[in-house]
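Here the structure comes first, spelled out in structure tokens, and everything after it is commentary.
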Amino acid sequence: MELTVDAINVKIGPRRIVKDLHLHVKPGQFVGIIGANGCGKSTLLKSIYKSLPASGGTVFLNQLDVLKAPAKKVSQKLGVVGQFNEMSFDLTVMQMVLLGRTPHKGLLEQDTSKDLAIVEDALTRTNLLDYKDRSFLALSGGEKQRVVLARTIAQQPEFMILDEPTNHLDIRYQLEILNCVKGLGITVLAALHDLEMAAEYCDYIYAMKDGAVHTQGTPEEVFNSETIEALYDVKCQTFTNPITGHLNFVYHIK
Ligand SMILES: Nc1ncnc2c1ncn2[C@@H]1O[C@H](COP(=O)(O)OP(=O)(O)OP(=O)(O)O)[C@@H](O)[C@H]1O
């Protein structure tokens with residue numbers, strides 16, 4: 001499944017937060033969005049998954065016109081792991097993850113053995129099998145984040161949007177979550193703050209500044225001192241870690 005975003009604009013009050021932005025995610029790619037706090041990453045993602053109205057532009061998932069299509073149709077294709085996962089009523093972890101099946105079901109349709117098998121698989125992939133009878137509200141922030149990912153996996157989307165998916169997570173779970181998402185083999189668009197993880201996991205990067213694309217390309221093309229300084233207003237040196245072979249960064253304030 002591929003995503004094509006053309007000339008998207010988002011205004012909040014009088015302010016233009018996302019400005020005429022174009023973005024393309026090819027089938028099977030893991031694409032990252034990076035940029036400083038407040039540059040518009042979440043606003044862009046929310047406009048793509050229709051949580052915020054766009055004031056102009058189009059979003060297509062293959063032939064599906066996302067901004068015009070009914071929510072249920074979109075949620076059969078598109079799964080979202082957002083930044084804030086609070087809810088006010090209590091469900092068990094199992095019940096939360098079963099909610100992921102909703103877009104595929106008719107009104108009042110019962111859960112089938114196939115739904116339960118899909119949920120079991122999602123719980124296994126996110127290391128949550130032992131948590132299935134626990135109360136969602138009593139979980140830690142990181143555990144909640146994993147439950148939300150499991151729910152999104154149970155939704156069986158062909159395209160996944162992640163907004164800072166590793167917020168709240170310790171290092172092991174940050175790696176596990178990104179490995180887990182990568183292992184799904186679906187197309188992914190993710191806002192990421194950790195540049196080293198973005199360099200390791202992303203096939204292609206959009207670097208945003210002030211609501212627009214500042215630079216785009218492969219991690220090797222985007223991650224250089226000039227771009228990082230321009231995006232974050234810090235001094236930066238990049239180097240290849242001799243142990244991991246991955247791109248690493250050293251920062252200091254100008
Ligand atoms: N509901 C809102 N009302 C007013 N301003 C908003 C609203 N939502 C976002 N903004 C503003 O839009 C700008 C972009 O916010 P956004 O959350 O998209 O940035 P971001 O790049 O995701 O930041 P972060 O890295 O901190 O999550 C910010 O200046 C923010 O204050």
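Here, A, B, ... name the chains of the structure tokens in the order displayed, residue numbers run from 1 inside each chain, and ligands are numbered from 1 in the same displayed order.
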
Counting only C-alpha atoms and all ligand atoms, which residues of chain A fall within 6 Å of ligand 1, and what is the closest atom pair for each with its distance in Å at one decimal, ordered by chain and rising number, as a Markdown table?
| residue | atom | partner | partner_atom_place_in_ligand_line | distance |
| --- | --- | --- | --- | --- |
| A:Ile12 | CA | ligand 1 | 4 (C) | 5.8 |
| A:Ile17 | CA | ligand 1 | 12 (O) | 5.4 |
| A:Ala36 | CA | ligand 1 | 25 (O) | 5.7 |
| A:Asn37 | CA | ligand 1 | 25 (O) | 3.5 |
| A:Gly38 | CA | ligand 1 | 19 (O) | 3.4 |
| A:Cys39 | CA | ligand 1 | 21 (O) | 3.9 |
| A:Gly40 | CA | ligand 1 | 18 (O) | 3.2 |
| A:Lys41 | CA | ligand 1 | 21 (O) | 3.8 |
| A:Ser42 | CA | ligand 1 | 22 (O) | 3.6 |
| A:Thr43 | CA | ligand 1 | 18 (O) | 3.6 |

Given the selection you just returned, output its residues as a file containing N, CA and C atoms, formatted as an mmCIF file, in the first residue's frame.
data_model
loop_
_atom_site.group_PDB
_atom_site.id
_atom_site.type_symbol
_atom_site.label_atom_id
_atom_site.label_comp_id
_atom_site.auth_asym_id
_atom_site.auth_seq_id
_atom_site.Cartn_x
_atom_site.Cartn_y
_atom_site.Cartn_z
ATOM 1 N N ILE A 12 -4.596 26.154 12.145
ATOM 2 C CA ILE A 12 -5.246 26.103 13.453
ATOM 3 C C ILE A 12 -5.438 27.553 13.863
ATOM 4 N N ILE A 17 -0.083 25.815 10.117
ATOM 5 C CA ILE A 17 0.853 24.917 10.821
ATOM 6 C C ILE A 17 1.547 23.995 9.814
ATOM 7 N N ALA A 36 12.229 19.586 14.798
ATOM 8 C CA ALA A 36 12.210 20.114 16.163
ATOM 9 C C ALA A 36 10.799 20.122 16.750
ATOM 10 N N ASN A 37 10.694 20.226 18.068
ATOM 11 C CA ASN A 37 9.408 20.369 18.744
ATOM 12 C C ASN A 37 8.624 21.503 18.094
ATOM 13 N N GLY A 38 7.363 21.222 17.817
ATOM 14 C CA GLY A 38 6.487 22.286 17.305
ATOM 15 C C GLY A 38 6.596 22.553 15.814
ATOM 16 N N CYS A 39 7.388 21.752 15.077
ATOM 17 C CA CYS A 39 7.538 22.035 13.634
ATOM 18 C C CYS A 39 6.334 21.550 12.830
ATOM 19 N N GLY A 40 5.458 20.747 13.449
ATOM 20 C CA GLY A 40 4.218 20.365 12.757
ATOM 21 C C GLY A 40 4.090 18.881 12.428
ATOM 22 N N LYS A 41 4.958 18.032 13.000
ATOM 23 C CA LYS A 41 4.929 16.596 12.677
ATOM 24 C C LYS A 41 3.577 15.968 13.041
ATOM 25 N N SER A 42 3.161 16.175 14.310
ATOM 26 C CA SER A 42 1.897 15.559 14.757
ATOM 27 C C SER A 42 0.712 16.134 14.000
ATOM 28 N N THR A 43 0.754 17.438 13.750
ATOM 29 C CA THR A 43 -0.359 18.075 13.036
ATOM 30 C C THR A 43 -0.471 17.484 11.634
#

Report as a ChimeraX atom specification all protein, DNA and RNA residues lying within 12 Å of Gly28 of chain A, evaluated on only C-alpha atoms, omitting residues in the same chain fewer than 2 positions from it. /A:1-3,24-26,30-31,158-160,181-189,202-204

Would you save the residues from that selection as a tab-separated table (two decimals), in the first residue's frame, using C-alpha atoms?
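Written out: result_9.tsv:
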chain	number	residue	atom	x	y	z
A	1	MET	CA	0.00	0.00	0.00
A	2	GLU	CA	1.35	3.45	-0.83
A	3	LEU	CA	0.56	6.88	0.59
A	24	HIS	CA	5.14	9.93	-0.70
A	25	VAL	CA	5.57	6.58	1.01
A	26	LYS	CA	6.22	3.71	-1.38
A	30	PHE	CA	9.42	2.63	6.58
A	31	VAL	CA	9.48	6.43	6.29
A	158	GLU	CA	-1.85	-2.30	5.45
A	159	PHE	CA	-0.46	1.11	6.41
A	160	MET	CA	0.58	2.26	9.87
A	181	VAL	CA	6.65	-2.81	13.51
A	182	LYS	CA	9.39	-3.40	10.94
A	183	GLY	CA	8.72	-7.16	11.17
A	184	LEU	CA	5.08	-6.64	10.16
A	185	GLY	CA	6.34	-5.88	6.64
A	186	ILE	CA	3.67	-3.21	6.08
A	187	THR	CA	4.13	0.37	4.93
A	188	VAL	CA	4.90	2.76	7.80
A	189	LEU	CA	5.07	6.53	8.33
A	202	CYS	CA	13.98	4.31	8.14
A	203	ASP	CA	14.35	3.76	4.41
A	204	TYR	CA	13.61	7.42	3.73

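In this structure, atom CA of His104 of chain A sits 7.9 Å away from atom CA of Gln155 of chain A.
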
Alpha helix (DSSP H) call set, DSSP backbone run, segment 15-230 of chain A, as a PyMOL selection string: chain A and resi 41-48+71-75+93-98+113-125+141-154+171-184+195-201+219-222+225-230

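Atom CA of Ala71 of chain A sits 26.1 Å away from atom CA of Cys180 of chain A.
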